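Structure file run-v2.txt with compact mmCIF, C-alpha atoms:
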# COMPACT_ATOMS: atom_id res chain seq x y z
CA MET A 1 -1.72 -19.53 -35.75
CA SER A 2 -5.25 -18.92 -34.50
CA THR A 3 -5.59 -16.23 -31.84
CA GLU A 4 -8.73 -17.91 -30.50
CA ASN A 5 -8.27 -18.96 -26.86
CA ILE A 6 -4.70 -17.67 -26.90
CA HIS A 7 -4.87 -17.39 -23.08
CA PRO A 8 -6.99 -20.44 -22.15
CA ILE A 9 -5.51 -20.48 -18.63
CA PHE A 10 -7.73 -17.50 -17.70
CA ASP A 11 -10.80 -19.60 -18.45
CA SER A 12 -9.73 -22.47 -16.23
CA ILE A 13 -8.06 -20.94 -13.14
CA LEU A 14 -10.08 -20.59 -9.97
CA LYS A 15 -11.90 -17.31 -9.51
CA LYS A 16 -11.29 -14.77 -6.73
CA GLU A 17 -14.60 -15.76 -5.13
CA ASP A 18 -13.44 -19.40 -4.87
CA LYS A 19 -10.33 -18.37 -2.95
CA GLU A 20 -12.30 -15.98 -0.74
CA LYS A 21 -14.75 -18.75 0.17
CA LEU A 22 -11.86 -20.98 1.23
CA LEU A 23 -10.32 -18.24 3.41
CA GLY A 24 -13.60 -16.90 4.75
CA GLN A 25 -12.63 -13.33 3.88
CA LYS A 26 -12.69 -10.92 0.98
CA GLY A 27 -9.48 -9.91 -0.73
CA LEU A 28 -8.68 -6.20 -0.84
CA VAL A 29 -5.73 -3.84 -1.08
CA LEU A 30 -5.02 -1.20 1.55
CA TRP A 31 -2.84 1.40 -0.15
CA MET A 32 -1.05 3.40 2.57
CA THR A 33 0.45 6.69 1.39
CA GLY A 34 2.28 9.41 3.32
CA LEU A 35 5.61 11.11 3.79
CA SER A 36 8.76 9.25 4.77
CA GLY A 37 8.62 8.94 8.56
CA SER A 38 4.85 9.35 8.71
CA GLY A 39 4.43 5.93 10.29
CA LYS A 40 3.28 3.90 7.29
CA SER A 41 5.52 0.88 7.93
CA THR A 42 4.88 0.90 11.68
CA LEU A 43 1.11 0.91 11.19
CA ALA A 44 1.28 -1.60 8.35
CA THR A 45 3.22 -4.12 10.46
CA GLY A 46 0.93 -3.46 13.43
CA LEU A 47 -2.12 -4.12 11.28
CA GLU A 48 -0.56 -7.23 9.76
CA ASN A 49 0.09 -8.64 13.24
CA LEU A 50 -3.43 -7.85 14.47
CA LEU A 51 -4.99 -9.48 11.41
CA HIS A 52 -2.81 -12.55 11.92
CA GLN A 53 -3.80 -12.80 15.58
CA ASN A 54 -7.44 -12.82 14.49
CA ARG A 55 -6.87 -15.48 11.82
CA ASN A 56 -7.05 -13.21 8.77
CA LEU A 57 -4.53 -13.92 6.03
CA SER A 58 -2.63 -10.85 4.87
CA GLN A 59 0.49 -9.87 2.96
CA LEU A 60 2.56 -6.74 3.53
CA LEU A 61 4.29 -5.08 0.58
CA ASP A 62 6.70 -2.36 1.68
CA GLY A 63 9.08 -0.12 -0.24
CA ASP A 64 12.09 -1.39 1.65
CA ASN A 65 11.49 -5.11 1.20
CA LEU A 66 10.50 -4.86 -2.48
CA ARG A 67 13.51 -2.73 -3.39
CA THR A 68 15.81 -5.50 -2.17
CA GLY A 69 14.21 -8.02 -4.51
CA LEU A 70 11.56 -7.44 -7.16
CA ASN A 71 12.51 -3.80 -7.68
CA ASN A 72 16.23 -3.86 -6.90
CA ASN A 73 17.06 -2.52 -10.37
CA LEU A 74 15.07 0.69 -9.88
CA GLY A 75 16.24 4.07 -8.64
CA PHE A 76 14.23 7.12 -7.57
CA SER A 77 13.76 9.00 -10.84
CA VAL A 78 10.19 9.82 -11.87
CA GLU A 79 10.30 6.99 -14.40
CA ASP A 80 11.64 4.47 -11.89
CA ARG A 81 9.13 5.49 -9.22
CA THR A 82 6.32 5.00 -11.74
CA GLU A 83 7.63 1.56 -12.70
CA ASN A 84 8.07 0.71 -9.03
CA ILE A 85 4.40 1.42 -8.34
CA ARG A 86 3.30 -0.44 -11.50
CA ARG A 87 5.11 -3.60 -10.36
CA VAL A 88 3.82 -3.26 -6.81
CA SER A 89 0.26 -2.79 -8.07
CA GLU A 90 0.40 -5.85 -10.30
CA THR A 91 1.80 -7.89 -7.40
CA ALA A 92 -0.86 -6.59 -5.01
CA LYS A 93 -3.56 -7.46 -7.53
CA LEU A 94 -2.35 -11.08 -7.67
CA PHE A 95 -2.49 -11.38 -3.87
CA CYS A 96 -5.91 -9.71 -3.76
CA ASP A 97 -7.20 -12.11 -6.41
CA CYS A 98 -6.25 -14.93 -4.02
CA GLY A 99 -8.51 -13.45 -1.35
CA ILE A 100 -5.60 -12.05 0.65
CA ILE A 101 -5.72 -8.74 2.51
CA THR A 102 -2.81 -6.90 0.93
CA ILE A 103 -1.23 -3.97 2.77
CA CYS A 104 0.86 -1.70 0.55
CA SER A 105 3.08 0.85 2.29
CA PHE A 106 4.54 3.32 -0.22
CA ILE A 107 5.11 7.07 -0.29
CA SER A 108 3.50 7.16 -3.77
CA PRO A 109 3.73 10.97 -3.72
CA THR A 110 1.43 12.03 -6.57
CA ALA A 111 -2.26 11.65 -7.26
CA GLU A 112 -1.37 10.36 -10.72
CA ILE A 113 0.79 7.54 -9.42
CA ARG A 114 -1.88 6.48 -6.89
CA GLN A 115 -4.51 6.56 -9.62
CA GLN A 116 -2.28 4.27 -11.67
CA ALA A 117 -2.28 1.79 -8.79
CA LYS A 118 -6.06 2.05 -8.39
CA VAL A 119 -6.65 1.36 -12.09
CA ILE A 120 -4.39 -1.72 -12.07
CA ILE A 121 -5.81 -3.15 -8.84
CA GLY A 122 -9.43 -2.20 -9.56
CA SER A 123 -11.39 0.48 -7.73
CA GLU A 124 -13.64 -2.13 -6.08
CA ASN A 125 -10.63 -3.65 -4.29
CA PHE A 126 -8.61 -0.47 -3.65
CA VAL A 127 -8.73 1.33 -0.29
CA GLU A 128 -6.62 4.49 -0.14
CA VAL A 129 -5.25 5.21 3.34
CA TYR A 130 -3.60 8.57 3.98
CA ILE A 131 -1.17 8.49 6.89
CA ASN A 132 -1.37 12.21 7.59
CA THR A 133 1.67 13.36 9.53
CA PRO A 134 3.02 16.93 9.24
CA LEU A 135 6.42 17.33 7.61
CA GLU A 136 7.92 18.84 10.77
CA GLU A 137 6.84 15.80 12.77
CA CYS A 138 8.33 13.43 10.18
CA GLU A 139 11.59 15.38 10.35
CA LYS A 140 11.61 15.11 14.15
CA ARG A 141 11.32 11.34 13.91
CA ASP A 142 13.80 10.91 11.02
CA VAL A 143 14.71 7.40 12.17
CA LYS A 144 16.90 6.75 9.11
CA GLY A 145 18.47 10.22 9.02
CA LEU A 146 17.12 10.78 5.51
CA TYR A 147 15.69 14.25 6.11
CA LYS A 148 18.97 15.43 7.57
CA LYS A 149 20.79 14.20 4.45
CA ALA A 150 18.18 15.77 2.17
CA ARG A 151 18.45 19.13 3.95
CA ALA A 152 22.22 18.91 3.56
CA GLY A 153 21.85 18.27 -0.18
CA GLU A 154 23.21 14.73 0.07
CA ILE A 155 19.94 13.25 -1.25
CA LYS A 156 18.31 14.82 -4.28
CA GLY A 157 14.61 14.57 -5.16
CA PHE A 158 13.58 13.68 -1.61
CA THR A 159 9.79 13.79 -1.16
CA GLY A 160 8.67 16.69 0.99
CA ILE A 161 11.98 18.56 0.67
CA ASP A 162 12.84 19.13 -3.00
CA SER A 163 10.22 16.84 -4.52
CA PRO A 164 6.49 17.40 -3.97
CA PHE A 165 4.02 15.27 -2.04
CA GLU A 166 0.43 15.62 -3.18
CA ALA A 167 -1.76 14.77 -0.21
CA PRO A 168 -4.87 12.74 -1.14
CA GLU A 169 -7.97 14.92 -1.24
CA ASN A 170 -10.49 12.12 -0.84
CA ALA A 171 -8.72 9.22 0.85
CA THR A 172 -11.01 6.41 1.99
CA ILE A 173 -9.32 6.44 5.42
CA GLU A 174 -7.22 9.19 6.99
CA ILE A 175 -5.04 8.57 10.04
CA LYS A 176 -3.64 11.65 11.81
CA THR A 177 -0.76 10.06 13.66
CA LYS A 178 0.14 13.23 15.56
CA ASP A 179 -3.15 12.98 17.47
CA LEU A 180 -3.25 9.19 17.92
CA THR A 181 -1.13 6.49 19.49
CA ILE A 182 0.18 3.64 17.33
CA GLU A 183 -2.31 1.29 19.01
CA GLU A 184 -5.24 3.63 18.35
CA SER A 185 -4.23 4.06 14.71
CA VAL A 186 -3.89 0.31 14.16
CA GLU A 187 -7.27 -0.31 15.79
CA ILE A 188 -8.95 2.19 13.45
CA LEU A 189 -7.38 0.48 10.44
CA TYR A 190 -8.33 -2.98 11.71
CA LYS A 191 -11.99 -2.02 12.18
CA GLU A 192 -12.09 -0.47 8.71
CA VAL A 193 -10.63 -3.64 7.20
CA LEU A 194 -13.11 -5.87 9.04
CA LYS A 195 -16.03 -3.90 7.58
CA ARG A 196 -14.76 -4.66 4.09
CA ILE A 197 -13.58 -8.28 4.27
CA LYS A 198 -16.53 -10.02 5.88
CA ARG A 199 -18.34 -12.28 3.50
CA LYS A 200 -22.13 -12.07 3.52
In structure tokens, what does this structure look like?
Amino acid sequence: MSTENIHPIFDSILKKEDKEKLLGQKGLVLWMTGLSGSGKSTLATGLENLLHQNRNLSQLLDGDNLRTGLNNNLGFSVEDRTENIRRVSETAKLFCDCGIITICSFISPTAEIRQQAKVIIGSENFVEVYINTPLEECEKRDVKGLYKKARAGEIKGFTGIDSPFEAPENATIEIKTKDLTIEESVEILYKEVLKRIKRK
């Protein structure tokens, strides 16, 4: 069998620019990283709602909702976390290629794992957002009681306790939630997104 044009679909499907023209916006991926309890999901949903109110199409990909479906067969070993991010990145790339603003909210604790996401998605479409919240503040919040369980030894390999979190050194956007309200943080994110999605 000839290998010529083995994937002819890629030559005939609409391009990213065609979808962006229809939507009147540029597709991009906001990759939000930070400790558990840092406020990633809160800010992601706040941003999603603000974008929607202003008629910008977006899609939120969050660790909790993906682990109940697409990634429900994965645990929290190093290998499973890596595969989790690979699947998320490939999914985010598909949304981005449709001109959709894709908000990814994942701890993604190492520089290596975030670089993996950036390579898959493409550096031109990847915006790294560091939700910078001190560990002690995250532990105070502990909405799900996960830190308490980790401190008690009931959860092993918990990021920030017995598994490392490598803070981004050169994040595109950094949000220090300890110094800002939720509304202020969301507004900063929204303005940063607007700068990047407007078509010329």
One number please: CA of Glu83 (chain A) to CA of Asn71 (chain A), in Å, one decimal.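 Result for CA of Glu83 (chain A) versus CA of Asn71 (chain A): 8.8 Å, one decimal.
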From the options A:Ile131, A:Cys98, A:Val88, A:Leu74, which residue's atoms come nearest to Gln116 (chain A), counting all atoms listed in the file?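 That would be A:Val88, the residue with the smallest distance to Gln116 (chain A).
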Name the residues within 6 Å of (4.8, 4.1, 5.4), counting only C-alpha atoms in the file's coordinates, and put them as an MDAnalysis selection string. chainID A and resid 39:41 105:106
For the selection just defined, write its residues with C-alpha atoms to a file, as a PDB file, in the frame of the given file.
ATOM      1  CA  GLY A  39       4.430   5.930  10.290  1.00  0.00           C
ATOM      2  CA  LYS A  40       3.280   3.900   7.290  1.00  0.00           C
ATOM      3  CA  SER A  41       5.520   0.880   7.930  1.00  0.00           C
ATOM      4  CA  SER A 105       3.080   0.850   2.290  1.00  0.00           C
ATOM      5  CA  PHE A 106       4.540   3.320  -0.220  1.00  0.00           C
TER       6      PHE A 106
END
Which is closer to Pro109 (chain A) than all the others in A:Ala167, A:Leu94, A:Leu60, A:Leu23, using all atoms listed in the file?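 Of A:Ala167, A:Leu94, A:Leu60, A:Leu23, the one nearest Pro109 (chain A), counting all atoms listed in the file, is A:Ala167.
Near region 46-56 of chain A, within 9 Å and counting all atoms listed in the file, sit Leu23, Gly24, Gln25, Ser41, Thr42, Leu60, Ile100, Ile101, Ile103, Ile182, Glu183, Val186, Glu187, Leu189 and Tyr190 of chain A, not including residues fewer than 4 positions from it in the same chain.
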Which residue gives the smallest distance to Val129 (chain A) among A:Arg87, A:Lys93, A:Lys195, A:Arg114, with only C-alpha atoms counted? A:Arg114
Let me make sure I understand: among A:Leu28, A:Ile173, A:Ala117, A:Leu35, which one has the smallest atom-to-atom distance to Ile161 (chain A) if we use only C-alpha atoms?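 Among the listed residues, A:Leu35 lies closest to Ile161 (chain A).
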Counting all atoms listed in the file, which of A:Lys21, A:Arg86, A:Lys191, A:Arg81 gets nearest to Val119 (chain A)? A:Arg86
What is the distance, in Å and to one decimal place, between CA of Val29 (chain A) and CA of Thr45 (chain A)?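 Interatomic distance, CA of Val29 (chain A) to CA of Thr45 (chain A): 14.6 Å.
Across the structure, CA of Lys118 (chain A) and CA of Asp64 (chain A) are spaced 21.0 Å apart.
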Slice of the block: region 139-176 of chain A, N, CA, C and O atoms, as a JSON list (two decimals), in the first residue's frame:
[["chain", "number", "residue", "atom", "x", "y", "z"],
["A", 139, "GLU", "N", -3.02, 25.52, 52.79],
["A", 139, "GLU", "CA", -3.40, 24.63, 53.89],
["A", 139, "GLU", "C", -4.51, 25.22, 54.74],
["A", 139, "GLU", "O", -5.38, 24.52, 55.24],
["A", 140, "LYS", "N", -4.50, 26.55, 54.90],
["A", 140, "LYS", "CA", -5.57, 27.22, 55.65],
["A", 140, "LYS", "C", -6.92, 27.02, 54.96],
["A", 140, "LYS", "O", -7.93, 26.80, 55.59],
["A", 141, "ARG", "N", -6.88, 27.13, 53.64],
["A", 141, "ARG", "CA", -8.13, 27.00, 52.86],
["A", 141, "ARG", "C", -8.61, 25.55, 52.91],
["A", 141, "ARG", "O", -9.71, 25.27, 53.33],
["A", 142, "ASP", "N", -7.79, 24.65, 52.45],
["A", 142, "ASP", "CA", -8.01, 23.19, 52.48],
["A", 142, "ASP", "C", -9.49, 22.80, 52.41],
["A", 142, "ASP", "O", -10.00, 22.05, 53.25],
["A", 143, "VAL", "N", -10.16, 23.30, 51.38],
["A", 143, "VAL", "CA", -11.60, 23.08, 51.23],
["A", 143, "VAL", "C", -11.97, 21.60, 51.22],
["A", 143, "VAL", "O", -12.97, 21.19, 51.81],
["A", 144, "LYS", "N", -11.13, 20.79, 50.58],
["A", 144, "LYS", "CA", -11.44, 19.35, 50.44],
["A", 144, "LYS", "C", -10.83, 18.51, 51.57],
["A", 144, "LYS", "O", -11.00, 17.29, 51.58],
["A", 145, "GLY", "N", -10.09, 19.14, 52.48],
["A", 145, "GLY", "CA", -9.47, 18.40, 53.57],
["A", 145, "GLY", "C", -8.31, 17.53, 53.14],
["A", 145, "GLY", "O", -7.89, 16.62, 53.86],
["A", 146, "LEU", "N", -7.74, 17.83, 51.96],
["A", 146, "LEU", "CA", -6.67, 16.99, 51.42],
["A", 146, "LEU", "C", -5.35, 17.18, 52.15],
["A", 146, "LEU", "O", -4.60, 16.22, 52.38],
["A", 147, "TYR", "N", -5.05, 18.42, 52.53],
["A", 147, "TYR", "CA", -3.79, 18.67, 53.24],
["A", 147, "TYR", "C", -3.79, 17.98, 54.60],
["A", 147, "TYR", "O", -2.79, 17.43, 55.04],
["A", 148, "LYS", "N", -4.93, 18.03, 55.26],
["A", 148, "LYS", "CA", -5.05, 17.39, 56.57],
["A", 148, "LYS", "C", -4.78, 15.89, 56.44],
["A", 148, "LYS", "O", -4.06, 15.30, 57.26],
["A", 149, "LYS", "N", -5.35, 15.28, 55.39],
["A", 149, "LYS", "CA", -5.13, 13.85, 55.17],
["A", 149, "LYS", "C", -3.67, 13.56, 54.80],
["A", 149, "LYS", "O", -3.09, 12.56, 55.25],
["A", 150, "ALA", "N", -3.09, 14.45, 54.01],
["A", 150, "ALA", "CA", -1.69, 14.26, 53.62],
["A", 150, "ALA", "C", -0.77, 14.37, 54.82],
["A", 150, "ALA", "O", 0.18, 13.59, 54.97],
["A", 151, "ARG", "N", -1.03, 15.35, 55.68],
["A", 151, "ARG", "CA", -0.21, 15.52, 56.89],
["A", 151, "ARG", "C", -0.36, 14.31, 57.82],
["A", 151, "ARG", "O", 0.58, 13.96, 58.55],
["A", 152, "ALA", "N", -1.52, 13.68, 57.77],
["A", 152, "ALA", "CA", -1.77, 12.52, 58.62],
["A", 152, "ALA", "C", -1.25, 11.23, 58.00],
["A", 152, "ALA", "O", -1.35, 10.15, 58.59],
["A", 153, "GLY", "N", -0.70, 11.34, 56.78],
["A", 153, "GLY", "CA", -0.16, 10.16, 56.10],
["A", 153, "GLY", "C", -1.20, 9.33, 55.39],
["A", 153, "GLY", "O", -0.91, 8.23, 54.91],
["A", 154, "GLU", "N", -2.43, 9.86, 55.29],
["A", 154, "GLU", "CA", -3.50, 9.11, 54.62],
["A", 154, "GLU", "C", -3.42, 9.22, 53.10],
["A", 154, "GLU", "O", -3.97, 8.40, 52.38],
["A", 155, "ILE", "N", -2.76, 10.28, 52.61],
["A", 155, "ILE", "CA", -2.54, 10.46, 51.18],
["A", 155, "ILE", "C", -1.04, 10.53, 50.95],
["A", 155, "ILE", "O", -0.35, 11.35, 51.56],
["A", 156, "LYS", "N", -0.55, 9.67, 50.09],
["A", 156, "LYS", "CA", 0.88, 9.65, 49.79],
["A", 156, "LYS", "C", 1.15, 10.38, 48.47],
["A", 156, "LYS", "O", 0.33, 10.39, 47.56],
["A", 157, "GLY", "N", 2.32, 11.01, 48.37],
["A", 157, "GLY", "CA", 2.72, 11.68, 47.14],
["A", 157, "GLY", "C", 1.91, 12.94, 46.88],
["A", 157, "GLY", "O", 1.68, 13.31, 45.72],
["A", 158, "PHE", "N", 1.49, 13.62, 47.94],
["A", 158, "PHE", "CA", 0.66, 14.82, 47.78],
["A", 158, "PHE", "C", 1.56, 16.03, 47.51],
["A", 158, "PHE", "O", 2.50, 16.31, 48.25],
["A", 159, "THR", "N", 1.27, 16.74, 46.43],
["A", 159, "THR", "CA", 2.11, 17.87, 46.00],
["A", 159, "THR", "C", 2.18, 18.94, 47.08],
["A", 159, "THR", "O", 1.17, 19.40, 47.59],
["A", 160, "GLY", "N", 3.41, 19.33, 47.41],
["A", 160, "GLY", "CA", 3.64, 20.36, 48.41],
["A", 160, "GLY", "C", 3.92, 19.78, 49.78],
["A", 160, "GLY", "O", 4.46, 20.47, 50.66],
["A", 161, "ILE", "N", 3.56, 18.52, 50.00],
["A", 161, "ILE", "CA", 3.80, 17.88, 51.30],
["A", 161, "ILE", "C", 4.92, 16.85, 51.18],
["A", 161, "ILE", "O", 6.00, 17.04, 51.70],
["A", 162, "ASP", "N", 4.67, 15.74, 50.47],
["A", 162, "ASP", "CA", 5.75, 14.76, 50.28],
["A", 162, "ASP", "C", 6.05, 14.53, 48.80],
["A", 162, "ASP", "O", 6.66, 13.54, 48.43],
["A", 163, "SER", "N", 5.60, 15.46, 47.98],
["A", 163, "SER", "CA", 5.93, 15.45, 46.55],
["A", 163, "SER", "C", 6.18, 16.90, 46.15],
["A", 163, "SER", "O", 5.41, 17.79, 46.55],
["A", 164, "PRO", "N", 7.25, 17.16, 45.41],
["A", 164, "PRO", "CA", 7.65, 18.55, 45.16],
["A", 164, "PRO", "C", 6.75, 19.31, 44.18],
["A", 164, "PRO", "O", 6.11, 18.71, 43.31],
["A", 165, "PHE", "N", 6.71, 20.63, 44.36],
["A", 165, "PHE", "CA", 6.11, 21.52, 43.37],
["A", 165, "PHE", "C", 7.18, 22.49, 42.90],
["A", 165, "PHE", "O", 7.76, 23.21, 43.71],
["A", 166, "GLU", "N", 7.47, 22.45, 41.62],
["A", 166, "GLU", "CA", 8.48, 23.34, 41.05],
["A", 166, "GLU", "C", 7.77, 24.58, 40.50],
["A", 166, "GLU", "O", 7.12, 24.53, 39.47],
["A", 167, "ALA", "N", 7.90, 25.68, 41.22],
["A", 167, "ALA", "CA", 7.24, 26.91, 40.79],
["A", 167, "ALA", "C", 7.85, 27.39, 39.47],
["A", 167, "ALA", "O", 9.06, 27.34, 39.28],
["A", 168, "PRO", "N", 7.01, 27.84, 38.53],
["A", 168, "PRO", "CA", 7.53, 28.37, 37.26],
["A", 168, "PRO", "C", 8.46, 29.55, 37.50],
["A", 168, "PRO", "O", 8.17, 30.41, 38.35],
["A", 169, "GLU", "N", 9.56, 29.58, 36.79],
["A", 169, "GLU", "CA", 10.52, 30.68, 36.95],
["A", 169, "GLU", "C", 10.20, 31.84, 36.01],
["A", 169, "GLU", "O", 10.52, 32.99, 36.32],
["A", 170, "ASN", "N", 9.57, 31.53, 34.89],
["A", 170, "ASN", "CA", 9.29, 32.58, 33.91],
["A", 170, "ASN", "C", 7.87, 32.45, 33.36],
["A", 170, "ASN", "O", 7.66, 32.42, 32.15],
["A", 171, "ALA", "N", 6.90, 32.38, 34.27],
["A", 171, "ALA", "CA", 5.51, 32.28, 33.83],
["A", 171, "ALA", "C", 5.12, 33.54, 33.05],
["A", 171, "ALA", "O", 5.59, 34.64, 33.35],
["A", 172, "THR", "N", 4.26, 33.37, 32.05],
["A", 172, "THR", "CA", 3.80, 34.52, 31.28],
["A", 172, "THR", "C", 2.99, 35.47, 32.16],
["A", 172, "THR", "O", 3.09, 36.69, 32.05],
["A", 173, "ILE", "N", 2.18, 34.90, 33.04],
["A", 173, "ILE", "CA", 1.34, 35.67, 33.96],
["A", 173, "ILE", "C", 1.49, 35.07, 35.35],
["A", 173, "ILE", "O", 1.48, 33.84, 35.50],
["A", 174, "GLU", "N", 1.63, 35.90, 36.35],
["A", 174, "GLU", "CA", 1.69, 35.43, 37.74],
["A", 174, "GLU", "C", 0.61, 36.15, 38.55],
["A", 174, "GLU", "O", 0.52, 37.37, 38.53],
["A", 175, "ILE", "N", -0.21, 35.37, 39.24],
["A", 175, "ILE", "CA", -1.27, 35.93, 40.07],
["A", 175, "ILE", "C", -0.98, 35.57, 41.53],
["A", 175, "ILE", "O", -0.97, 34.39, 41.90],
["A", 176, "LYS", "N", -0.74, 36.57, 42.36],
["A", 176, "LYS", "CA", -0.48, 36.34, 43.78],
["A", 176, "LYS", "C", -1.81, 36.50, 44.53],
["A", 176, "LYS", "O", -2.19, 37.61, 44.92]]
